[in-house]
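coords_27.txt (compact mmCIF, C-alpha atoms and all ligand atoms) appears below.
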# COMPACT_ATOMS: atom_id res chain seq x y z
CA MET C 202 4.70 5.43 -2.15
CA THR C 203 4.75 3.31 0.96
CA ARG C 204 8.41 2.60 1.47
CA PRO C 205 9.86 5.89 0.24
CA SER C 206 7.51 7.85 2.49
CA ARG C 207 8.45 5.67 5.44
CA LEU C 208 12.05 6.48 4.80
CA LEU C 209 11.12 10.12 4.60
CA VAL C 210 9.39 9.89 7.97
CA LEU C 211 12.42 8.21 9.48
CA ALA C 212 14.62 10.94 8.07
CA SER C 213 12.44 13.60 9.61
CA VAL C 214 12.38 11.87 13.00
CA LEU C 215 16.14 11.48 12.94
CA ALA C 216 16.56 15.12 12.02
CA ALA C 217 14.40 16.13 14.96
CA ALA C 218 16.30 13.84 17.30
CA CYS C 219 19.56 15.41 16.20
CA GLY C 220 18.29 18.87 16.99
CA GLY C 221 17.72 19.79 13.39
CA GLY C 222 15.36 22.70 13.08
CA GLY C 223 14.31 25.40 10.74
CA GLY C 224 11.93 25.19 7.87
CA GLY C 225 14.39 24.39 5.14
CA SER C 226 13.52 22.93 1.80
CA PRO C 227 13.11 19.17 2.02
CA THR C 228 15.19 18.82 -1.12
CA SER C 229 18.20 20.60 0.32
CA PRO C 230 20.70 18.18 1.88
CA SER C 231 22.11 20.88 4.14
CA GLN C 232 18.83 21.75 5.86
CA ALA C 233 16.52 19.56 7.89
CA PRO C 234 13.07 18.89 6.41
CA PRO C 235 10.03 20.36 8.16
CA THR C 236 9.08 18.42 11.25
CA GLY C 237 5.37 19.17 11.23
CA LEU C 238 2.51 21.21 9.87
CA PRO C 239 1.87 24.81 10.91
CA ALA C 240 -1.27 26.05 12.62
CA GLY C 241 -3.96 26.68 10.06
CA ALA C 242 -2.90 23.81 7.80
CA THR C 243 -5.89 22.01 6.30
CA LEU C 244 -6.53 18.27 6.41
CA THR C 245 -9.24 16.69 4.29
CA PHE C 246 -11.18 13.47 4.89
CA VAL C 247 -12.92 11.76 2.00
CA SER C 248 -14.61 8.48 1.21
CA GLY C 249 -12.13 5.98 -0.17
CA GLU C 250 -14.93 4.62 -2.34
CA THR C 251 -16.30 7.78 -3.91
CA GLY C 252 -13.86 10.55 -3.03
CA ALA C 253 -16.77 12.51 -1.56
CA PRO C 254 -15.95 14.65 1.47
CA VAL C 255 -16.79 13.13 4.84
CA SER C 256 -18.39 15.77 7.00
CA GLY C 257 -18.99 15.35 10.70
CA ALA C 258 -16.06 13.02 11.28
CA ALA C 259 -14.64 13.24 14.80
CA VAL C 260 -10.89 13.52 14.39
CA THR C 261 -8.23 13.62 17.06
CA ILE C 262 -4.72 14.63 16.14
CA GLY C 263 -2.31 14.26 19.00
CA ALA C 264 -4.21 15.75 21.94
CA ALA C 265 -6.44 18.04 19.87
CA SER C 266 -9.99 17.23 18.79
CA TYR C 267 -11.70 18.39 15.62
CA GLN C 268 -14.81 17.82 13.57
CA THR C 269 -14.71 17.91 9.80
CA ASP C 270 -16.86 20.52 8.08
CA GLY C 271 -19.12 20.13 5.07
CA ALA C 272 -16.12 19.97 2.78
CA GLY C 273 -14.58 17.17 4.86
CA THR C 274 -11.86 19.50 6.10
CA LEU C 275 -10.42 20.69 9.38
CA ARG C 276 -7.83 23.31 10.20
CA LEU C 277 -5.08 22.61 12.68
CA ALA C 278 -5.47 24.85 15.71
CA ALA C 279 -1.77 24.66 16.47
CA ALA C 280 1.44 23.55 14.87
CA THR C 281 1.40 19.75 14.83
CA ALA C 282 4.41 17.47 14.61
CA PHE C 283 4.69 14.68 12.09
CA ARG C 284 4.17 11.28 13.71
CA SER C 285 1.26 12.70 15.67
CA VAL C 286 -1.47 10.07 15.85
CA VAL C 287 -4.54 10.80 13.72
CA GLU C 288 -7.77 9.03 14.67
CA ALA C 289 -10.87 9.54 12.54
CA ARG C 290 -14.30 8.31 13.65
CA HIS C 291 -17.49 8.37 11.62
CA PRO C 292 -20.39 5.94 11.82
CA ALA C 293 -20.28 5.17 8.10
CA TYR C 294 -16.58 4.37 8.00
CA LEU C 295 -14.16 2.03 9.71
CA ASP C 296 -12.25 3.69 12.54
CA ARG C 297 -9.09 4.99 10.94
CA GLU C 298 -5.85 5.25 12.91
CA THR C 299 -2.81 6.65 11.21
CA TYR C 300 -0.07 9.22 11.56
CA LEU C 301 0.38 12.71 10.29
CA ARG C 302 3.31 11.84 8.09
CA THR C 303 4.34 14.48 5.60
CA ALA C 304 3.13 17.80 4.24
CA ASP C 305 2.09 15.96 1.07
CA GLU C 306 -0.19 13.54 2.91
CA VAL C 307 -3.01 15.75 4.16
CA ARG C 308 -5.86 13.99 2.35
CA PHE C 309 -7.13 11.00 4.29
CA THR C 310 -9.37 8.37 2.74
CA LEU C 311 -11.82 6.46 4.91
CA TRP C 312 -12.87 2.85 4.27
CA PRO C 313 -16.67 2.45 4.20
CA ARG C 314 -18.23 0.06 6.69
CA GLN C 315 -20.93 -0.71 4.15
CA GLY C 316 -19.81 -0.11 0.60
CA SER C 317 -21.53 -0.77 -2.66
CA HIS C 318 -22.12 -4.30 -3.94
CA GLY C 319 -22.36 -5.74 -0.43
CA LEU C 320 -18.93 -4.82 0.89
CA ASP C 321 -19.21 -4.84 4.67
CA GLU C 322 -16.93 -5.15 7.68
CA ALA C 323 -17.00 -8.93 7.74
CA PHE C 324 -16.11 -9.12 4.06
CA THR C 325 -13.32 -6.55 4.42
CA SER C 326 -11.92 -8.42 7.43
CA ARG C 327 -12.01 -11.74 5.60
CA LEU C 328 -10.73 -10.71 2.19
CA VAL C 329 -8.02 -8.29 3.30
CA TYR C 330 -7.11 -9.16 6.88
CA THR C 331 -7.59 -12.91 7.32
CA SER C 332 -4.93 -15.43 6.35
CA THR C 333 -6.11 -18.18 4.02
CA ASP C 334 -4.85 -20.58 6.69
CA VAL C 335 -7.81 -19.53 8.87
CA GLY C 336 -10.87 -21.71 8.30
CA ASP C 337 -14.12 -20.20 7.04
CA GLY C 338 -15.83 -20.82 10.38
CA GLU C 339 -13.04 -19.35 12.48
CA PRO C 340 -12.74 -15.68 13.39
CA GLY C 341 -10.16 -13.84 11.32
CA GLY C 342 -9.01 -10.28 11.03
CA ASP C 343 -5.54 -10.76 12.53
CA ASP C 344 -3.54 -10.66 9.32
CA PRO C 345 -1.80 -7.44 8.25
CA LEU C 346 -2.43 -6.08 4.78
CA TYR C 347 -0.05 -7.38 2.14
CA ARG C 348 0.18 -5.50 -1.12
CA LEU C 349 2.15 -4.75 -4.23
CA ALA C 350 4.41 -1.72 -4.42
CA PRO C 351 3.06 1.25 -6.37
CA GLY C 352 4.72 2.04 -9.65
CA GLN C 353 6.41 -1.32 -9.91
CA PRO C 354 4.58 -3.54 -12.43
CA MET C 355 5.00 -7.27 -12.05
CA ALA C 356 6.07 -9.30 -15.05
CA LEU C 357 4.17 -12.53 -15.67
CA ARG C 358 6.78 -14.95 -16.95
CA PRO C 359 5.24 -18.05 -18.52
CA THR C 360 7.26 -21.18 -18.98
CA THR C 361 8.27 -22.13 -22.52
CA GLU C 362 5.44 -24.67 -22.40
CA ILE C 363 2.83 -21.95 -21.91
CA ARG C 364 4.65 -19.61 -24.25
CA GLY C 365 4.35 -22.25 -26.95
CA ASP C 366 0.58 -22.61 -26.45
CA ALA C 367 -1.09 -19.69 -28.20
CA ALA C 368 -4.42 -20.13 -26.42
CA LEU C 369 -3.00 -20.21 -22.89
CA PHE C 370 -0.45 -17.54 -23.64
CA GLY C 371 -3.17 -15.20 -24.88
CA LEU C 372 -5.15 -15.72 -21.70
CA LEU C 373 -2.25 -14.39 -19.65
CA GLU C 374 -2.78 -11.02 -21.31
CA ASP C 375 -6.47 -11.24 -20.53
CA GLY C 376 -5.81 -12.06 -16.89
CA ALA C 377 -3.33 -9.23 -16.42
CA GLY C 378 -5.76 -6.83 -18.08
CA ILE C 379 -8.65 -7.82 -15.82
CA VAL C 380 -6.67 -7.04 -12.66
CA ASN C 381 -5.15 -3.86 -14.07
CA ASP C 382 -8.56 -2.55 -15.10
CA VAL C 383 -10.00 -3.03 -11.62
CA VAL C 384 -7.38 -0.87 -9.94
CA GLY C 385 -6.60 1.42 -12.87
CA GLN C 386 -2.91 0.65 -12.50
CA ASN C 387 -0.37 -1.24 -14.55
CA LEU C 388 0.02 -3.97 -11.94
CA PHE C 389 0.82 -6.97 -14.15
CA TYR C 390 2.13 -7.33 -17.68
CA VAL C 391 3.06 -10.35 -19.71
CA ASP C 392 6.74 -10.68 -20.44
CA ALA C 393 6.09 -11.80 -23.98
CA ALA C 394 9.71 -11.95 -25.07
CA GLY C 395 10.83 -13.61 -21.86
CA THR C 396 13.58 -11.05 -21.42
CA ALA C 397 12.20 -8.44 -19.00
CA SER C 398 14.18 -7.89 -15.86
CA GLY C 399 12.68 -6.73 -12.58
CA PRO C 400 10.07 -8.16 -10.26
CA GLY C 401 7.48 -10.66 -11.40
CA PHE C 402 5.81 -14.00 -11.15
CA THR C 403 6.61 -17.10 -13.14
CA VAL C 404 3.51 -18.90 -14.41
CA GLU C 405 3.97 -22.67 -14.54
CA LEU C 406 2.01 -25.86 -15.16
CA LYS C 407 3.68 -28.06 -12.59
CA PRO C 408 1.69 -31.02 -11.22
CA GLU C 409 4.91 -32.46 -9.83
CA ASP C 410 5.49 -29.46 -7.54
CA PRO C 411 5.77 -30.57 -3.90
CA TYR C 412 2.97 -28.16 -2.89
CA CYS C 413 0.59 -29.76 -5.40
CA ASP C 414 -1.32 -32.31 -3.38
CA ALA C 415 -4.77 -33.86 -3.68
CA ASP C 416 -6.43 -30.74 -2.28
CA THR C 417 -4.43 -28.16 -4.22
CA TYR C 418 -5.11 -27.35 -7.83
CA ALA C 419 -3.26 -24.08 -7.99
CA PHE C 420 -1.32 -21.85 -5.64
CA VAL C 421 0.73 -18.71 -5.36
CA ASP C 422 4.14 -18.70 -3.73
CA TYR C 423 5.25 -15.15 -3.12
CA SER C 424 7.84 -13.29 -1.12
CA GLY C 425 8.75 -9.75 -0.28
CA ARG C 426 9.92 -7.37 2.38
CA GLY C 427 8.03 -5.14 4.76
CA LEU C 428 4.74 -6.86 3.72
CA VAL C 429 5.23 -5.56 0.18
CA ILE C 430 4.89 -8.43 -2.28
CA SER C 431 7.82 -8.46 -4.68
CA GLY C 432 7.14 -11.52 -6.82
CA GLY C 433 7.08 -15.28 -6.86
CA ARG C 434 5.34 -18.12 -8.66
CA VAL C 435 1.82 -18.87 -9.90
CA ILE C 436 1.56 -22.65 -10.14
CA TYR C 437 -1.16 -24.71 -11.76
CA CYS C 438 -1.19 -28.26 -10.44
CA GLU C 439 -2.41 -29.54 -13.79
CA ALA C 440 -0.52 -30.54 -16.89
CA LEU C 441 -1.03 -28.95 -20.29
CA TRP C 442 -3.35 -31.69 -21.56
CA TYR C 443 -5.82 -30.91 -18.78
CA PHE C 444 -6.59 -27.51 -20.23
CA HIS C 445 -7.19 -28.92 -23.69
CA GLN C 446 -9.34 -31.89 -22.81
CA ARG C 447 -12.39 -29.99 -24.05
CA PRO C 448 -12.10 -28.00 -27.23
CA ALA C 449 -14.43 -25.09 -26.58
CA SER C 450 -12.57 -21.88 -25.95
CA ARG C 451 -14.85 -21.12 -23.03
CA ASP C 452 -13.45 -24.08 -21.21
CA LEU C 453 -10.03 -22.52 -21.32
CA ARG C 454 -11.47 -19.31 -19.98
CA ASP C 455 -13.24 -21.30 -17.31
CA TYR C 456 -10.40 -23.45 -16.17
CA PHE C 457 -7.29 -21.48 -16.95
CA LEU C 458 -8.28 -17.82 -16.95
CA ALA C 459 -10.57 -17.85 -13.92
CA THR C 460 -7.88 -19.64 -11.94
CA LEU C 461 -5.28 -17.15 -13.14
CA VAL C 462 -7.37 -14.15 -12.12
CA HIS C 463 -8.02 -15.77 -8.73
CA GLU C 464 -4.32 -16.42 -8.19
CA LEU C 465 -3.40 -12.91 -9.33
CA GLY C 466 -5.86 -11.72 -6.70
CA HIS C 467 -3.66 -13.46 -4.13
CA ALA C 468 -0.58 -11.99 -5.79
CA TYR C 469 -2.23 -8.59 -5.31
CA GLY C 470 -2.63 -9.34 -1.59
CA LEU C 471 -6.17 -10.66 -1.35
CA ASN C 472 -7.07 -13.58 0.88
CA HIS C 473 -10.24 -15.66 0.53
CA SER C 474 -13.94 -14.88 0.64
CA THR C 475 -16.34 -17.26 2.31
CA SER C 476 -19.03 -16.54 -0.29
CA ASN C 477 -19.37 -18.50 -3.49
CA ARG C 478 -20.49 -15.28 -5.16
CA ASP C 479 -16.93 -13.95 -5.08
CA LEU C 480 -14.07 -15.00 -7.32
CA MET C 481 -11.81 -15.22 -4.27
CA TYR C 482 -14.13 -17.86 -2.78
CA SER C 483 -12.17 -20.36 -0.75
CA GLY C 484 -14.09 -23.31 -2.15
CA GLY C 485 -12.85 -23.13 -5.72
CA HIS C 486 -14.94 -23.69 -8.85
CA TRP C 487 -14.09 -20.12 -9.77
CA GLU C 488 -14.91 -20.80 -13.38
CA LYS C 489 -18.57 -20.75 -12.44
CA TYR C 490 -18.33 -17.28 -10.93
CA ALA C 491 -16.24 -15.96 -13.74
CA ARG C 492 -18.89 -17.11 -16.16
CA ASP C 493 -21.92 -16.03 -14.17
CA HIS C 494 -20.71 -12.82 -12.60
CA GLY C 495 -17.77 -11.61 -14.59
CA PHE C 496 -14.49 -12.15 -12.81
CA TYR C 497 -14.12 -10.30 -9.52
CA SER C 498 -17.40 -9.39 -7.87
CA GLY C 499 -18.30 -5.75 -7.41
CA ARG C 500 -17.36 -5.83 -3.75
CA GLU C 501 -14.06 -7.52 -4.51
CA GLU C 502 -13.25 -4.79 -7.01
CA LEU C 503 -14.14 -2.13 -4.45
CA ALA C 504 -11.97 -3.78 -1.81
CA MET C 505 -9.07 -3.89 -4.28
CA ARG C 506 -9.41 -0.18 -5.02
CA LEU C 507 -9.59 0.62 -1.31
CA MET C 508 -6.56 -1.56 -0.60
CA TRP C 509 -4.55 0.39 -3.14
CA GLN C 510 -4.99 3.43 -0.87
CA ARG C 511 -3.54 1.59 2.11
CA ARG C 512 -0.01 0.93 3.29
CA ALA C 513 1.40 -2.54 3.61
CA GLY C 514 1.03 -3.63 7.22
CA THR C 515 -2.30 -1.89 7.81
CA LYS C 516 -4.32 -3.78 10.42
CA PHE C 517 -8.05 -4.32 10.67
CA PRO C 518 -10.15 -2.32 10.90
CA ASP C 519 -7.99 0.48 9.46
CA ASP C 520 -4.81 1.11 11.41
CA ASP C 521 -1.54 1.69 9.59
CA ARG C 522 0.50 2.91 12.55
CA SER C 523 2.37 -0.32 13.19
CA GLY C 524 3.33 -0.94 9.58
CA ILE C 525 6.45 1.10 9.93
CA GLY C 526 9.55 -0.83 10.78
CA THR C 527 8.17 -4.13 9.52
CA LEU C 528 10.95 -4.53 7.06
CA SER C 529 11.83 -8.19 7.49
CA GLY C 530 11.50 -10.56 4.56
CA PHE C 531 8.63 -13.01 4.22
CA ARG C 532 7.46 -15.86 2.04
CA ARG C 533 3.91 -17.15 1.78
CA ILE C 534 2.29 -20.06 0.02
CA VAL C 535 -1.40 -19.41 -0.68
CA ARG C 536 -3.12 -22.61 -1.76
CA ASN C 537 -6.00 -22.62 -4.21
ZN ZN X 601 -7.28 -18.89 -3.47

Turn this file's structure into structure tokens for me.
Amino acid sequence: MTRPSRLLVLASVLAAACGGGGGGSPTSPSQAPPTGLPAGATLTFVSGETGAPVSGAAVTIGAASYQTDGAGTLRLAAATAFRSVVEARHPAYLDRETYLRTADEVRFTLWPRQGSHGLDEAFTSRLVYTSTDVGDGEPGGDDPLYRLAPGQPMALRPTTEIRGDAALFGLLEDGAGIVNDVVGQNLFYVDAAGTASGPGFTVELKPEDPYCDADTYAFVDYSGRGLVISGGRVIYCEALWYFHQRPASRDLRDYFLATLVHELGHAYGLNHSTSNRDLMYSGGHWEKYARDHGFYSGREELAMRLMWQRRAGTKFPDDDRSGIGTLSGFRRIVRN
């Protein structure tokens, strides 16, 4: 609930600035919402990977210092205003910097430094926080986190050409299902009738597109606001005949579906991996990894689930404080 909660925070700050006080119901328009948490309120810190409590985390909230207990919890020693900075440190997790935002957001997930399946800091930095414009050998980590909005499924809108090709059209469903299953959310759906309104991505076979050059075989062109991706285009730089030049159905899965799942990874907000064991590998030939390893690797799936817990605009290693106010529009072309 990234954007609504930001608005809520703004509303509470404005209320405080206007001298609004009292502990009125947040749903009542005539009373200001609460401006903080009372002494004794409990905050909980858990692993973003497993949900297990993180005990022994050193947490500072405003000027106060705490340590989480065996249940991953701490109790506020004094009333604490919303917008107080929360910093959580634990050797097993990336340093988290965030705000105390609302009374509903008192459970804080921490991003593991070393997760399962080989997820580590370098991989997190590269996949989530490094623009695909940055070369594999160059340091990254300067990109903010882009993501989809929660609760707002993206339509995949194939062209009539793809709609008329039963094999390719069916693979769109497969691709959407693969991404949805990873995150456990209805992120993408195929607009089978071609009539759905709302946000989405067109899916086109368009070798004549100006962004299709000798080094580009597919790309995503997306836009949004406040680093929340709100839709765009998934373009294959190959014509229909290319996908049917070999008859075996596995070739379609290899060439069309693996590329689709890779591009939907970008549409989700992923950048590139430098490892050819990941589907988001920058070097292409994703069909090989789809065939040999399934589609996304285990660590890619973990990163996607962790990303879903993070606000748009979060910065590496795990700082979401500056995301607020980044409401300008953007457009990005992510090649291959
Ligand atoms: Zn790519």

With the cut-off set at 9 Å and counting all atoms listed in the file, tabulate each residue of chain C with an atom at most that distance from an atom of ligand ZN 601 (chain X), showing the nearest atom pair and its distance in Å to one decimal, ordered by chain and increasing number, as a tab-separated table.
residue	atom	partner	partner_atom	distance
C:Thr333	CA	X:ZN601	ZN	7.6
C:Ala419	CA	X:ZN601	ZN	8.0
C:Phe420	CA	X:ZN601	ZN	7.0
C:Val421	CA	X:ZN601	ZN	8.2
C:Thr460	CA	X:ZN601	ZN	8.5
C:His463	CA	X:ZN601	ZN	6.2
C:Glu464	CA	X:ZN601	ZN	6.1
C:Gly466	CA	X:ZN601	ZN	8.0
C:His467	CA	X:ZN601	ZN	6.6
C:Leu471	CA	X:ZN601	ZN	8.6
C:Asn472	CA	X:ZN601	ZN	6.9
C:His473	CA	X:ZN601	ZN	5.9
C:Ser474	CA	X:ZN601	ZN	8.8
C:Leu480	CA	X:ZN601	ZN	8.7
C:Met481	CA	X:ZN601	ZN	5.9
C:Tyr482	CA	X:ZN601	ZN	7.0
C:Ser483	CA	X:ZN601	ZN	5.8
C:Gly484	CA	X:ZN601	ZN	8.2
C:Gly485	CA	X:ZN601	ZN	7.4
C:Val535	CA	X:ZN601	ZN	6.5
C:Arg536	CA	X:ZN601	ZN	5.8
C:Asn537	CA	X:ZN601	ZN	4.0

Selection to disk with C-alpha atoms, as an mmCIF file, in the frame of the given file:
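Once written, part-v9.cif looks like this:
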data_model
loop_
_atom_site.group_PDB
_atom_site.id
_atom_site.type_symbol
_atom_site.label_atom_id
_atom_site.label_comp_id
_atom_site.auth_asym_id
_atom_site.auth_seq_id
_atom_site.Cartn_x
_atom_site.Cartn_y
_atom_site.Cartn_z
ATOM 1 C CA THR C 333 -6.110 -18.180 4.020
ATOM 2 C CA ALA C 419 -3.260 -24.080 -7.990
ATOM 3 C CA PHE C 420 -1.320 -21.850 -5.640
ATOM 4 C CA VAL C 421 0.730 -18.710 -5.360
ATOM 5 C CA THR C 460 -7.880 -19.640 -11.940
ATOM 6 C CA HIS C 463 -8.020 -15.770 -8.730
ATOM 7 C CA GLU C 464 -4.320 -16.420 -8.190
ATOM 8 C CA GLY C 466 -5.860 -11.720 -6.700
ATOM 9 C CA HIS C 467 -3.660 -13.460 -4.130
ATOM 10 C CA LEU C 471 -6.170 -10.660 -1.350
ATOM 11 C CA ASN C 472 -7.070 -13.580 0.880
ATOM 12 C CA HIS C 473 -10.240 -15.660 0.530
ATOM 13 C CA SER C 474 -13.940 -14.880 0.640
ATOM 14 C CA LEU C 480 -14.070 -15.000 -7.320
ATOM 15 C CA MET C 481 -11.810 -15.220 -4.270
ATOM 16 C CA TYR C 482 -14.130 -17.860 -2.780
ATOM 17 C CA SER C 483 -12.170 -20.360 -0.750
ATOM 18 C CA GLY C 484 -14.090 -23.310 -2.150
ATOM 19 C CA GLY C 485 -12.850 -23.130 -5.720
ATOM 20 C CA VAL C 535 -1.400 -19.410 -0.680
ATOM 21 C CA ARG C 536 -3.120 -22.610 -1.760
ATOM 22 C CA ASN C 537 -6.000 -22.620 -4.210
#

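Compared by their closest atoms to Tyr347 (chain C), and using only C-alpha atoms, the residues C:Gly499, C:Pro239, C:Pro408, C:Gly470 rank with C:Gly470 nearest.
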
Problem set entry | Contact residues around region 501-510 of chain C with all atoms listed in the file at 10 Å, ignoring same-chain residues under 3 positions, as an MDAnalysis selection string | chainID C and resid 202:203 248:250 309:313 316:321 324:325 328:329 346:351 380 382:386 466 469:471 474 479:481 496:498 513 515

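With distances restricted to all atoms listed in the file, C:Cys438 is the closest residue to Ala415 (chain C) from C:Leu369, C:Ala468, C:Val286, C:Cys438.
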
Problem set entry | Test item: residues at most 8 Å from Gly432 (chain C), only C-alpha atoms, excluding those fewer than 6 positions along its chain, as a ChimeraX atom specification | /C:355,400-402,423-425,468

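Distances here use only C-alpha atoms; by that measure, the residue among C:Leu277, C:Val335, C:Val287, C:Leu441 closest to Asp519 (chain C) is C:Val287.
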
Problem set entry | Closest of C:Ala356, C:Val391, C:Ala293, C:Ile430 to Gly514 (chain C) - atom-to-atom distances counting only C-alpha atoms | C:Ile430

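Checking C:Lys407, C:Gly341, C:Gly495, C:Tyr300 one by one against Glu322 (chain C), counting all atoms listed in the file, you find the shortest gap at C:Gly341.
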
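Nearest residue to Ala282 (chain C) among C:Val307, C:Leu238, C:Val260, C:Ala253 is C:Leu238, counting only C-alpha atoms.
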
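A straight line drawn from CA of Gln353 (chain C) to CA of Thr403 (chain C) is 16.1 Å long.
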